[in-house]
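Shown next: input-v4.pdb, containing PDB, N, CA and C atoms.
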MODEL        1
ATOM      1  N   MET A 168      -1.201  21.680   9.912
ATOM      2  CA  MET A 168      -1.263  20.666   8.880
ATOM      3  C   MET A 168      -0.070  19.725   9.025
ATOM      4  N   THR A 169      -0.329  18.421   9.014
ATOM      5  CA  THR A 169       0.747  17.449   9.151
ATOM      6  C   THR A 169       1.228  17.011   7.775
ATOM      7  N   GLU A 170       2.485  16.609   7.724
ATOM      8  CA  GLU A 170       3.034  16.105   6.475
ATOM      9  C   GLU A 170       2.517  14.700   6.234
ATOM     10  N   PRO A 171       2.307  14.317   4.952
ATOM     11  CA  PRO A 171       1.862  12.957   4.669
ATOM     12  C   PRO A 171       2.962  11.965   5.035
ATOM     13  N   LEU A 172       2.551  10.782   5.421
ATOM     14  CA  LEU A 172       3.481   9.734   5.786
ATOM     15  C   LEU A 172       4.190   9.231   4.541
ATOM     16  N   VAL A 173       5.496   9.422   4.481
ATOM     17  CA  VAL A 173       6.311   8.889   3.395
ATOM     18  C   VAL A 173       7.085   7.726   3.966
ATOM     19  N   THR A 174       7.009   6.598   3.295
ATOM     20  CA  THR A 174       7.658   5.402   3.803
ATOM     21  C   THR A 174       8.894   5.073   2.976
ATOM     22  N   GLU A 175       9.668   4.115   3.445
ATOM     23  CA  GLU A 175      10.955   3.815   2.846
ATOM     24  C   GLU A 175      10.881   3.337   1.402
ATOM     25  N   SER A 176       9.957   2.496   1.059
ATOM     26  CA  SER A 176       9.909   1.913  -0.274
ATOM     27  C   SER A 176       9.638   2.982  -1.329
ATOM     28  N   SER A 177      10.666   3.467  -1.932
ATOM     29  CA  SER A 177      10.656   4.425  -3.040
ATOM     30  C   SER A 177      10.115   5.808  -2.687
ATOM     31  N   GLY A 178       9.874   6.088  -1.409
ATOM     32  CA  GLY A 178       9.480   7.424  -1.005
ATOM     33  C   GLY A 178       8.061   7.813  -1.362
ATOM     34  N   LEU A 179       7.209   6.868  -1.685
ATOM     35  CA  LEU A 179       5.816   7.164  -2.021
ATOM     36  C   LEU A 179       4.941   7.081  -0.777
ATOM     37  N   THR A 180       3.938   7.943  -0.720
ATOM     38  CA  THR A 180       2.967   7.862   0.365
ATOM     39  C   THR A 180       1.955   6.761   0.039
ATOM     40  N   PRO A 181       1.241   6.268   1.044
ATOM     41  CA  PRO A 181       0.177   5.301   0.757
ATOM     42  C   PRO A 181      -0.849   5.857  -0.238
ATOM     43  N   GLU A 182      -1.156   7.138  -0.140
ATOM     44  CA  GLU A 182      -2.112   7.739  -1.077
ATOM     45  C   GLU A 182      -1.585   7.686  -2.505
ATOM     46  N   GLN A 183      -0.295   7.916  -2.683
ATOM     47  CA  GLN A 183       0.283   7.855  -4.027
ATOM     48  C   GLN A 183       0.267   6.426  -4.561
ATOM     49  N   ARG A 184       0.450   5.452  -3.692
ATOM     50  CA  ARG A 184       0.444   4.051  -4.119
ATOM     51  C   ARG A 184      -0.960   3.551  -4.445
ATOM     52  N   LEU A 185      -1.942   3.948  -3.625
ATOM     53  CA  LEU A 185      -3.277   3.355  -3.733
ATOM     54  C   LEU A 185      -4.329   4.318  -4.267
ATOM     55  N   GLY A 186      -3.981   5.559  -4.485
ATOM     56  CA  GLY A 186      -4.933   6.572  -4.906
ATOM     57  C   GLY A 186      -5.409   6.485  -6.346
ATOM     58  N   PRO A 187      -4.548   6.092  -7.284
ATOM     59  CA  PRO A 187      -4.995   6.078  -8.676
ATOM     60  C   PRO A 187      -6.186   5.144  -8.896
ATOM     61  N   ALA A 188      -7.017   5.500  -9.854
ATOM     62  CA  ALA A 188      -8.179   4.660 -10.169
ATOM     63  C   ALA A 188      -7.787   3.476 -11.052
ATOM     64  N   ASP A 189      -6.667   3.559 -11.719
ATOM     65  CA  ASP A 189      -6.204   2.513 -12.631
ATOM     66  C   ASP A 189      -5.672   1.316 -11.841
ATOM     67  N   PRO A 190      -6.301   0.144 -11.976
ATOM     68  CA  PRO A 190      -5.849  -1.033 -11.230
ATOM     69  C   PRO A 190      -4.386  -1.391 -11.498
ATOM     70  N   ALA A 191      -3.895  -1.152 -12.696
ATOM     71  CA  ALA A 191      -2.499  -1.460 -13.008
ATOM     72  C   ALA A 191      -1.552  -0.586 -12.186
ATOM     73  N   LEU A 192      -1.913   0.670 -11.975
ATOM     74  CA  LEU A 192      -1.085   1.557 -11.164
ATOM     75  C   LEU A 192      -1.121   1.163  -9.694
ATOM     76  N   ILE A 193      -2.272   0.717  -9.230
ATOM     77  CA  ILE A 193      -2.387   0.250  -7.846
ATOM     78  C   ILE A 193      -1.518  -0.993  -7.658
ATOM     79  N   THR A 194      -1.600  -1.921  -8.604
ATOM     80  CA  THR A 194      -0.784  -3.133  -8.531
ATOM     81  C   THR A 194       0.697  -2.785  -8.523
ATOM     82  N   ALA A 195       1.092  -1.854  -9.377
ATOM     83  CA  ALA A 195       2.493  -1.420  -9.408
ATOM     84  C   ALA A 195       2.892  -0.817  -8.068
ATOM     85  N   GLY A 196       1.999  -0.052  -7.465
ATOM     86  CA  GLY A 196       2.286   0.538  -6.164
ATOM     87  C   GLY A 196       2.461  -0.512  -5.086
ATOM     88  N   ILE A 197       1.721  -1.593  -5.189
ATOM     89  CA  ILE A 197       1.797  -2.662  -4.191
ATOM     90  C   ILE A 197       3.039  -3.519  -4.388
ATOM     91  N   VAL A 198       3.356  -3.896  -5.628
ATOM     92  CA  VAL A 198       4.508  -4.780  -5.840
ATOM     93  C   VAL A 198       5.828  -4.088  -5.538
ATOM     94  N   THR A 199       5.828  -2.771  -5.481
ATOM     95  CA  THR A 199       7.066  -2.058  -5.151
ATOM     96  C   THR A 199       7.213  -1.807  -3.657
ATOM     97  N   ILE A 200       6.347  -2.397  -2.858
ATOM     98  CA  ILE A 200       6.487  -2.336  -1.398
ATOM     99  C   ILE A 200       7.502  -3.402  -1.003
ATOM    100  N   HIS A 201       8.554  -2.981  -0.291
ATOM    101  CA  HIS A 201       9.626  -3.903   0.072
ATOM    102  C   HIS A 201       9.810  -4.062   1.571
ATOM    103  N   ASP A 202       8.922  -3.474   2.365
ATOM    104  CA  ASP A 202       9.050  -3.613   3.819
ATOM    105  C   ASP A 202       7.661  -3.610   4.454
ATOM    106  N   LEU A 203       7.575  -4.254   5.601
ATOM    107  CA  LEU A 203       6.274  -4.393   6.278
ATOM    108  C   LEU A 203       5.761  -3.072   6.832
ATOM    109  N   GLU A 204       6.639  -2.167   7.170
ATOM    110  CA  GLU A 204       6.199  -0.858   7.670
ATOM    111  C   GLU A 204       5.392  -0.112   6.596
ATOM    112  N   THR A 205       5.902  -0.121   5.390
ATOM    113  CA  THR A 205       5.197   0.518   4.271
ATOM    114  C   THR A 205       3.873  -0.188   4.015
ATOM    115  N   LEU A 206       3.911  -1.504   4.054
ATOM    116  CA  LEU A 206       2.698  -2.276   3.811
ATOM    117  C   LEU A 206       1.634  -1.972   4.854
ATOM    118  N   ARG A 207       2.032  -1.889   6.120
ATOM    119  CA  ARG A 207       1.070  -1.568   7.184
ATOM    120  C   ARG A 207       0.470  -0.185   6.979
ATOM    121  N   ALA A 208       1.289   0.764   6.551
ATOM    122  CA  ALA A 208       0.789   2.115   6.295
ATOM    123  C   ALA A 208      -0.230   2.103   5.158
ATOM    124  N   CYS A 209       0.016   1.290   4.147
ATOM    125  CA  CYS A 209      -0.921   1.197   3.017
ATOM    126  C   CYS A 209      -2.233   0.535   3.430
ATOM    127  N   VAL A 210      -2.144  -0.502   4.255
ATOM    128  CA  VAL A 210      -3.359  -1.156   4.758
ATOM    129  C   VAL A 210      -4.167  -0.163   5.590
ATOM    130  N   ALA A 211      -3.499   0.585   6.443
ATOM    131  CA  ALA A 211      -4.196   1.580   7.263
ATOM    132  C   ALA A 211      -4.861   2.632   6.387
ATOM    133  N   TYR A 212      -4.159   3.085   5.366
ATOM    134  CA  TYR A 212      -4.721   4.078   4.441
ATOM    135  C   TYR A 212      -5.966   3.511   3.758
ATOM    136  N   GLU A 213      -5.863   2.305   3.248
ATOM    137  CA  GLU A 213      -6.986   1.698   2.525
ATOM    138  C   GLU A 213      -8.175   1.486   3.455
ATOM    139  N   ASN A 214      -7.922   1.027   4.672
ATOM    140  CA  ASN A 214      -9.011   0.828   5.636
ATOM    141  C   ASN A 214      -9.693   2.149   5.999
ATOM    142  N   GLN A 215      -8.918   3.193   6.076
ATOM    143  CA  GLN A 215      -9.469   4.493   6.469
ATOM    144  C   GLN A 215     -10.203   5.194   5.328
ATOM    145  N   HIS A 216      -9.778   4.960   4.093
ATOM    146  CA  HIS A 216     -10.316   5.749   2.990
ATOM    147  C   HIS A 216     -11.278   5.004   2.067
ATOM    148  N   ARG A 217     -10.882   3.892   1.544
ATOM    149  CA  ARG A 217     -11.708   3.282   0.494
ATOM    150  C   ARG A 217     -12.250   1.895   0.828
ATOM    151  N   GLN A 218     -11.499   1.132   1.565
ATOM    152  CA  GLN A 218     -11.919  -0.214   1.981
ATOM    153  C   GLN A 218     -12.263  -1.121   0.800
ATOM    154  N   ARG A 219     -11.458  -1.062  -0.255
ATOM    155  CA  ARG A 219     -11.686  -1.917  -1.427
ATOM    156  C   ARG A 219     -11.141  -3.308  -1.134
ATOM    157  N   VAL A 220     -12.024  -4.289  -1.171
ATOM    158  CA  VAL A 220     -11.657  -5.667  -0.842
ATOM    159  C   VAL A 220     -10.543  -6.193  -1.754
ATOM    160  N   PRO A 221     -10.609  -6.002  -3.073
ATOM    161  CA  PRO A 221      -9.524  -6.520  -3.917
ATOM    162  C   PRO A 221      -8.156  -5.905  -3.576
ATOM    163  N   VAL A 222      -8.130  -4.648  -3.232
ATOM    164  CA  VAL A 222      -6.866  -3.997  -2.873
ATOM    165  C   VAL A 222      -6.366  -4.547  -1.543
ATOM    166  N   LEU A 223      -7.243  -4.704  -0.581
ATOM    167  CA  LEU A 223      -6.843  -5.269   0.712
ATOM    168  C   LEU A 223      -6.360  -6.712   0.560
ATOM    169  N   ARG A 224      -6.999  -7.462  -0.339
ATOM    170  CA  ARG A 224      -6.566  -8.832  -0.608
ATOM    171  C   ARG A 224      -5.156  -8.849  -1.195
ATOM    172  N   ARG A 225      -4.917  -7.937  -2.128
ATOM    173  CA  ARG A 225      -3.589  -7.866  -2.769
ATOM    174  C   ARG A 225      -2.530  -7.439  -1.755
ATOM    175  N   LEU A 226      -2.880  -6.532  -0.854
ATOM    176  CA  LEU A 226      -1.949  -6.130   0.199
ATOM    177  C   LEU A 226      -1.647  -7.307   1.127
ATOM    178  N   ALA A 227      -2.646  -8.110   1.450
ATOM    179  CA  ALA A 227      -2.437  -9.291   2.292
ATOM    180  C   ALA A 227      -1.521 -10.294   1.589
ATOM    181  N   GLN A 228      -1.707 -10.450   0.297
ATOM    182  CA  GLN A 228      -0.858 -11.342  -0.482
ATOM    183  C   GLN A 228       0.593 -10.840  -0.470
ATOM    184  N   ARG A 229       0.763  -9.528  -0.630
ATOM    185  CA  ARG A 229       2.112  -8.957  -0.616
ATOM    186  C   ARG A 229       2.747  -9.138   0.764
ATOM    187  N   ALA A 230       1.966  -9.023   1.820
ATOM    188  CA  ALA A 230       2.489  -9.248   3.171
ATOM    189  C   ALA A 230       3.001 -10.668   3.312
ATOM    190  N   SER A 231       2.283 -11.623   2.786
ATOM    191  CA  SER A 231       2.727 -13.021   2.832
ATOM    192  C   SER A 231       4.037 -13.193   2.070
ATOM    193  N   GLU A 232       4.132 -12.533   0.929
ATOM    194  CA  GLU A 232       5.354 -12.620   0.122
ATOM    195  C   GLU A 232       6.541 -12.022   0.889
ATOM    196  N   LEU A 233       6.324 -10.880   1.535
ATOM    197  CA  LEU A 233       7.409 -10.244   2.282
ATOM    198  C   LEU A 233       7.848 -11.088   3.470
ATOM    199  N   ARG A 234       6.898 -11.697   4.137
ATOM    200  CA  ARG A 234       7.242 -12.543   5.293
ATOM    201  C   ARG A 234       8.018 -13.784   4.864
ATOM    202  N   ALA A 235       7.728 -14.285   3.660
ATOM    203  CA  ALA A 235       8.404 -15.475   3.153
ATOM    204  C   ALA A 235       9.837 -15.181   2.704
ATOM    205  N   GLU A 236      10.135 -13.915   2.422
ATOM    206  CA  GLU A 236      11.480 -13.545   1.952
ATOM    207  C   GLU A 236      12.504 -13.589   3.051
TER     208      GLU A 236
ENDMDL
END
Show this structure as structure tokens.
Amino acid sequence: MTEPLVTESSGLTPEQRLGPADPALITAGIVTIHDLETLRACVAYENQHRQRVPVLRRLAQRASELRAE
């Protein structure tokens, strides 16, 4: 059994960020991403598990924000 991928931004796994059913919790998980490595891990998780278009759109928006910083 492998350990879940924990990324730098607050030590949360992509599943912890994107797993809740509550959209407000998902949004909170996304806005607290502060590096592209974490963001890429979350995109990979979403593509592999749920493929929710609104979540992927929000992740793309956050990527643009991070690149602009």
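Proximity ranking of A:Arg225, A:Gln218, A:Glu236, A:Ala208 relative to Gln183 of chain A places A:Ala208 first, based on only C-alpha atoms.
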Q. How would you write, as a PyMOL selection string, the set of residues in chain A that DSSP gives as alpha helix (DSSP H)?
A. chain A and resi 181-185+190-198+203-216+220-235
Take the selection from the previous step and output its residues with N, CA and C atoms, as a compact mmCIF listing (two decimals), in the frame of the given file.
# COMPACT_ATOMS: atom_id res chain seq x y z
N PRO A 181 1.24 6.27 1.04
CA PRO A 181 0.18 5.30 0.76
C PRO A 181 -0.85 5.86 -0.24
N GLU A 182 -1.16 7.14 -0.14
CA GLU A 182 -2.11 7.74 -1.08
C GLU A 182 -1.58 7.69 -2.50
N GLN A 183 -0.30 7.92 -2.68
CA GLN A 183 0.28 7.86 -4.03
C GLN A 183 0.27 6.43 -4.56
N ARG A 184 0.45 5.45 -3.69
CA ARG A 184 0.44 4.05 -4.12
C ARG A 184 -0.96 3.55 -4.44
N LEU A 185 -1.94 3.95 -3.62
CA LEU A 185 -3.28 3.36 -3.73
C LEU A 185 -4.33 4.32 -4.27
N PRO A 190 -6.30 0.14 -11.98
CA PRO A 190 -5.85 -1.03 -11.23
C PRO A 190 -4.39 -1.39 -11.50
N ALA A 191 -3.90 -1.15 -12.70
CA ALA A 191 -2.50 -1.46 -13.01
C ALA A 191 -1.55 -0.59 -12.19
N LEU A 192 -1.91 0.67 -11.98
CA LEU A 192 -1.08 1.56 -11.16
C LEU A 192 -1.12 1.16 -9.69
N ILE A 193 -2.27 0.72 -9.23
CA ILE A 193 -2.39 0.25 -7.85
C ILE A 193 -1.52 -0.99 -7.66
N THR A 194 -1.60 -1.92 -8.60
CA THR A 194 -0.78 -3.13 -8.53
C THR A 194 0.70 -2.78 -8.52
N ALA A 195 1.09 -1.85 -9.38
CA ALA A 195 2.49 -1.42 -9.41
C ALA A 195 2.89 -0.82 -8.07
N GLY A 196 2.00 -0.05 -7.46
CA GLY A 196 2.29 0.54 -6.16
C GLY A 196 2.46 -0.51 -5.09
N ILE A 197 1.72 -1.59 -5.19
CA ILE A 197 1.80 -2.66 -4.19
C ILE A 197 3.04 -3.52 -4.39
N VAL A 198 3.36 -3.90 -5.63
CA VAL A 198 4.51 -4.78 -5.84
C VAL A 198 5.83 -4.09 -5.54
N LEU A 203 7.58 -4.25 5.60
CA LEU A 203 6.27 -4.39 6.28
C LEU A 203 5.76 -3.07 6.83
N GLU A 204 6.64 -2.17 7.17
CA GLU A 204 6.20 -0.86 7.67
C GLU A 204 5.39 -0.11 6.60
N THR A 205 5.90 -0.12 5.39
CA THR A 205 5.20 0.52 4.27
C THR A 205 3.87 -0.19 4.01
N LEU A 206 3.91 -1.50 4.05
CA LEU A 206 2.70 -2.28 3.81
C LEU A 206 1.63 -1.97 4.85
N ARG A 207 2.03 -1.89 6.12
CA ARG A 207 1.07 -1.57 7.18
C ARG A 207 0.47 -0.18 6.98
N ALA A 208 1.29 0.76 6.55
CA ALA A 208 0.79 2.12 6.30
C ALA A 208 -0.23 2.10 5.16
N CYS A 209 0.02 1.29 4.15
CA CYS A 209 -0.92 1.20 3.02
C CYS A 209 -2.23 0.54 3.43
N VAL A 210 -2.14 -0.50 4.26
CA VAL A 210 -3.36 -1.16 4.76
C VAL A 210 -4.17 -0.16 5.59
N ALA A 211 -3.50 0.58 6.44
CA ALA A 211 -4.20 1.58 7.26
C ALA A 211 -4.86 2.63 6.39
N TYR A 212 -4.16 3.08 5.37
CA TYR A 212 -4.72 4.08 4.44
C TYR A 212 -5.97 3.51 3.76
N GLU A 213 -5.86 2.31 3.25
CA GLU A 213 -6.99 1.70 2.52
C GLU A 213 -8.18 1.49 3.46
N ASN A 214 -7.92 1.03 4.67
CA ASN A 214 -9.01 0.83 5.64
C ASN A 214 -9.69 2.15 6.00
N GLN A 215 -8.92 3.19 6.08
CA GLN A 215 -9.47 4.49 6.47
C GLN A 215 -10.20 5.19 5.33
N HIS A 216 -9.78 4.96 4.09
CA HIS A 216 -10.32 5.75 2.99
C HIS A 216 -11.28 5.00 2.07
N VAL A 220 -12.02 -4.29 -1.17
CA VAL A 220 -11.66 -5.67 -0.84
C VAL A 220 -10.54 -6.19 -1.75
N PRO A 221 -10.61 -6.00 -3.07
CA PRO A 221 -9.52 -6.52 -3.92
C PRO A 221 -8.16 -5.90 -3.58
N VAL A 222 -8.13 -4.65 -3.23
CA VAL A 222 -6.87 -4.00 -2.87
C VAL A 222 -6.37 -4.55 -1.54
N LEU A 223 -7.24 -4.70 -0.58
CA LEU A 223 -6.84 -5.27 0.71
C LEU A 223 -6.36 -6.71 0.56
N ARG A 224 -7.00 -7.46 -0.34
CA ARG A 224 -6.57 -8.83 -0.61
C ARG A 224 -5.16 -8.85 -1.20
N ARG A 225 -4.92 -7.94 -2.13
CA ARG A 225 -3.59 -7.87 -2.77
C ARG A 225 -2.53 -7.44 -1.76
N LEU A 226 -2.88 -6.53 -0.85
CA LEU A 226 -1.95 -6.13 0.20
C LEU A 226 -1.65 -7.31 1.13
N ALA A 227 -2.65 -8.11 1.45
CA ALA A 227 -2.44 -9.29 2.29
C ALA A 227 -1.52 -10.29 1.59
N GLN A 228 -1.71 -10.45 0.30
CA GLN A 228 -0.86 -11.34 -0.48
C GLN A 228 0.59 -10.84 -0.47
N ARG A 229 0.76 -9.53 -0.63
CA ARG A 229 2.11 -8.96 -0.62
C ARG A 229 2.75 -9.14 0.76
N ALA A 230 1.97 -9.02 1.82
CA ALA A 230 2.49 -9.25 3.17
C ALA A 230 3.00 -10.67 3.31
N SER A 231 2.28 -11.62 2.79
CA SER A 231 2.73 -13.02 2.83
C SER A 231 4.04 -13.19 2.07
N GLU A 232 4.13 -12.53 0.93
CA GLU A 232 5.35 -12.62 0.12
C GLU A 232 6.54 -12.02 0.89
N LEU A 233 6.32 -10.88 1.54
CA LEU A 233 7.41 -10.24 2.28
C LEU A 233 7.85 -11.09 3.47
N ARG A 234 6.90 -11.70 4.14
CA ARG A 234 7.24 -12.54 5.29
C ARG A 234 8.02 -13.78 4.86
N ALA A 235 7.73 -14.28 3.66
CA ALA A 235 8.40 -15.48 3.15
C ALA A 235 9.84 -15.18 2.70
Q: Record the distance separating atom N of Glu213 of chain A and atom CA of His201 of chain A, expressed in Å with one decimal.
A: 17.0 Å
Q) Quick one: residues within 7 Å of Leu226 of chain A, all atoms listed in the file counted, chain neighbours fewer than 4 positions away excluded, as a list in words? A) Ile197, Val210, Pro221, Val222, Ala230 and Ser231 of chain A
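You will find atom CA of Val198 of chain A at 8.0 Å from atom N of Arg229 of chain A.
When atom CA of Asn214 of chain A is paired with atom C of Ala235 of chain A, their separation reads 24.9 Å.
Minimum atom-to-atom distance to Cys209 of chain A, evaluated using only N, CA and C atoms, belongs to A:Leu223 out of A:Ala188, A:Leu223, A:Ile193, A:Leu233.
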Once the PyMOL selection byres (((chain A and resi 181 and name CA) around 9) and name CA) has been applied to the shown file, what residues remain in the selection, as a PDB file with N, CA and C atoms, in the coordinates of the input?
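Writing done, so here's result-v2.pdb:
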ATOM      1  N   PRO A 171       2.307  14.317   4.952  1.00  0.00           N
ATOM      2  CA  PRO A 171       1.862  12.957   4.669  1.00  0.00           C
ATOM      3  C   PRO A 171       2.962  11.965   5.035  1.00  0.00           C
ATOM      4  N   LEU A 172       2.551  10.782   5.421  1.00  0.00           N
ATOM      5  CA  LEU A 172       3.481   9.734   5.786  1.00  0.00           C
ATOM      6  C   LEU A 172       4.190   9.231   4.541  1.00  0.00           C
ATOM      7  N   VAL A 173       5.496   9.422   4.481  1.00  0.00           N
ATOM      8  CA  VAL A 173       6.311   8.889   3.395  1.00  0.00           C
ATOM      9  C   VAL A 173       7.085   7.726   3.966  1.00  0.00           C
ATOM     10  N   THR A 174       7.009   6.598   3.295  1.00  0.00           N
ATOM     11  CA  THR A 174       7.658   5.402   3.803  1.00  0.00           C
ATOM     12  C   THR A 174       8.894   5.073   2.976  1.00  0.00           C
ATOM     13  N   LEU A 179       7.209   6.868  -1.685  1.00  0.00           N
ATOM     14  CA  LEU A 179       5.816   7.164  -2.021  1.00  0.00           C
ATOM     15  C   LEU A 179       4.941   7.081  -0.777  1.00  0.00           C
ATOM     16  N   THR A 180       3.938   7.943  -0.720  1.00  0.00           N
ATOM     17  CA  THR A 180       2.967   7.862   0.365  1.00  0.00           C
ATOM     18  C   THR A 180       1.955   6.761   0.039  1.00  0.00           C
ATOM     19  N   GLU A 182      -1.156   7.138  -0.140  1.00  0.00           N
ATOM     20  CA  GLU A 182      -2.112   7.739  -1.077  1.00  0.00           C
ATOM     21  C   GLU A 182      -1.585   7.686  -2.505  1.00  0.00           C
ATOM     22  N   GLN A 183      -0.295   7.916  -2.683  1.00  0.00           N
ATOM     23  CA  GLN A 183       0.283   7.855  -4.027  1.00  0.00           C
ATOM     24  C   GLN A 183       0.267   6.426  -4.561  1.00  0.00           C
ATOM     25  N   ARG A 184       0.450   5.452  -3.692  1.00  0.00           N
ATOM     26  CA  ARG A 184       0.444   4.051  -4.119  1.00  0.00           C
ATOM     27  C   ARG A 184      -0.960   3.551  -4.445  1.00  0.00           C
ATOM     28  N   LEU A 185      -1.942   3.948  -3.625  1.00  0.00           N
ATOM     29  CA  LEU A 185      -3.277   3.355  -3.733  1.00  0.00           C
ATOM     30  C   LEU A 185      -4.329   4.318  -4.267  1.00  0.00           C
ATOM     31  N   GLY A 186      -3.981   5.559  -4.485  1.00  0.00           N
ATOM     32  CA  GLY A 186      -4.933   6.572  -4.906  1.00  0.00           C
ATOM     33  C   GLY A 186      -5.409   6.485  -6.346  1.00  0.00           C
ATOM     34  N   GLY A 196       1.999  -0.052  -7.465  1.00  0.00           N
ATOM     35  CA  GLY A 196       2.286   0.538  -6.164  1.00  0.00           C
ATOM     36  C   GLY A 196       2.461  -0.512  -5.086  1.00  0.00           C
ATOM     37  N   THR A 205       5.902  -0.121   5.390  1.00  0.00           N
ATOM     38  CA  THR A 205       5.197   0.518   4.271  1.00  0.00           C
ATOM     39  C   THR A 205       3.873  -0.188   4.015  1.00  0.00           C
ATOM     40  N   LEU A 206       3.911  -1.504   4.054  1.00  0.00           N
ATOM     41  CA  LEU A 206       2.698  -2.276   3.811  1.00  0.00           C
ATOM     42  C   LEU A 206       1.634  -1.972   4.854  1.00  0.00           C
ATOM     43  N   ALA A 208       1.289   0.764   6.551  1.00  0.00           N
ATOM     44  CA  ALA A 208       0.789   2.115   6.295  1.00  0.00           C
ATOM     45  C   ALA A 208      -0.230   2.103   5.158  1.00  0.00           C
ATOM     46  N   CYS A 209       0.016   1.290   4.147  1.00  0.00           N
ATOM     47  CA  CYS A 209      -0.921   1.197   3.017  1.00  0.00           C
ATOM     48  C   CYS A 209      -2.233   0.535   3.430  1.00  0.00           C
ATOM     49  N   VAL A 210      -2.144  -0.502   4.255  1.00  0.00           N
ATOM     50  CA  VAL A 210      -3.359  -1.156   4.758  1.00  0.00           C
ATOM     51  C   VAL A 210      -4.167  -0.163   5.590  1.00  0.00           C
ATOM     52  N   ALA A 211      -3.499   0.585   6.443  1.00  0.00           N
ATOM     53  CA  ALA A 211      -4.196   1.580   7.263  1.00  0.00           C
ATOM     54  C   ALA A 211      -4.861   2.632   6.387  1.00  0.00           C
ATOM     55  N   TYR A 212      -4.159   3.085   5.366  1.00  0.00           N
ATOM     56  CA  TYR A 212      -4.721   4.078   4.441  1.00  0.00           C
ATOM     57  C   TYR A 212      -5.966   3.511   3.758  1.00  0.00           C
ATOM     58  N   GLU A 213      -5.863   2.305   3.248  1.00  0.00           N
ATOM     59  CA  GLU A 213      -6.986   1.698   2.525  1.00  0.00           C
ATOM     60  C   GLU A 213      -8.175   1.486   3.455  1.00  0.00           C
TER      61      GLU A 213
END
Centre and edges of the segment 196-208 of chain A box, axis-aligned, 4 Å extra per side, as AutoDock Vina command-line options:
--center_x 4.8 --center_y -1.3 --center_z 0.1 --size_x 18.0 --size_y 14.9 --size_z 23.1
Since the input lacks atoms, please generate all heavy atoms for segment 194-198 of chain A and provide them as a PDB file, in the coordinates of the input.
ATOM      1  N   THR A 194      -1.600  -1.921  -8.604  1.00  0.00           N
ATOM      2  CA  THR A 194      -0.784  -3.133  -8.531  1.00  0.00           C
ATOM      3  C   THR A 194       0.697  -2.785  -8.523  1.00  0.00           C
ATOM      4  O   THR A 194       1.466  -3.329  -7.734  1.00  0.00           O
ATOM      5  CB  THR A 194      -1.112  -4.079  -9.706  1.00  0.00           C
ATOM      6  OG1 THR A 194      -2.476  -4.482  -9.582  1.00  0.00           O
ATOM      7  CG2 THR A 194      -0.222  -5.307  -9.696  1.00  0.00           C
ATOM      8  N   ALA A 195       1.092  -1.854  -9.377  1.00  0.00           N
ATOM      9  CA  ALA A 195       2.493  -1.420  -9.408  1.00  0.00           C
ATOM     10  C   ALA A 195       2.892  -0.817  -8.068  1.00  0.00           C
ATOM     11  O   ALA A 195       4.003  -1.060  -7.576  1.00  0.00           O
ATOM     12  CB  ALA A 195       2.708  -0.413 -10.534  1.00  0.00           C
ATOM     13  N   GLY A 196       1.999  -0.052  -7.465  1.00  0.00           N
ATOM     14  CA  GLY A 196       2.286   0.538  -6.164  1.00  0.00           C
ATOM     15  C   GLY A 196       2.461  -0.512  -5.086  1.00  0.00           C
ATOM     16  O   GLY A 196       3.275  -0.361  -4.183  1.00  0.00           O
ATOM     17  N   ILE A 197       1.721  -1.593  -5.189  1.00  0.00           N
ATOM     18  CA  ILE A 197       1.797  -2.662  -4.191  1.00  0.00           C
ATOM     19  C   ILE A 197       3.039  -3.519  -4.388  1.00  0.00           C
ATOM     20  O   ILE A 197       3.743  -3.835  -3.425  1.00  0.00           O
ATOM     21  CB  ILE A 197       0.508  -3.513  -4.204  1.00  0.00           C
ATOM     22  CG1 ILE A 197      -0.672  -2.671  -3.710  1.00  0.00           C
ATOM     23  CG2 ILE A 197       0.683  -4.771  -3.348  1.00  0.00           C
ATOM     24  CD1 ILE A 197      -2.031  -3.326  -3.867  1.00  0.00           C
ATOM     25  N   VAL A 198       3.356  -3.896  -5.628  1.00  0.00           N
ATOM     26  CA  VAL A 198       4.508  -4.780  -5.840  1.00  0.00           C
ATOM     27  C   VAL A 198       5.828  -4.088  -5.538  1.00  0.00           C
ATOM     28  O   VAL A 198       6.839  -4.762  -5.332  1.00  0.00           O
ATOM     29  CB  VAL A 198       4.534  -5.398  -7.260  1.00  0.00           C
ATOM     30  CG1 VAL A 198       3.323  -6.261  -7.502  1.00  0.00           C
ATOM     31  CG2 VAL A 198       4.714  -4.357  -8.324  1.00  0.00           C
TER      32      VAL A 198
END
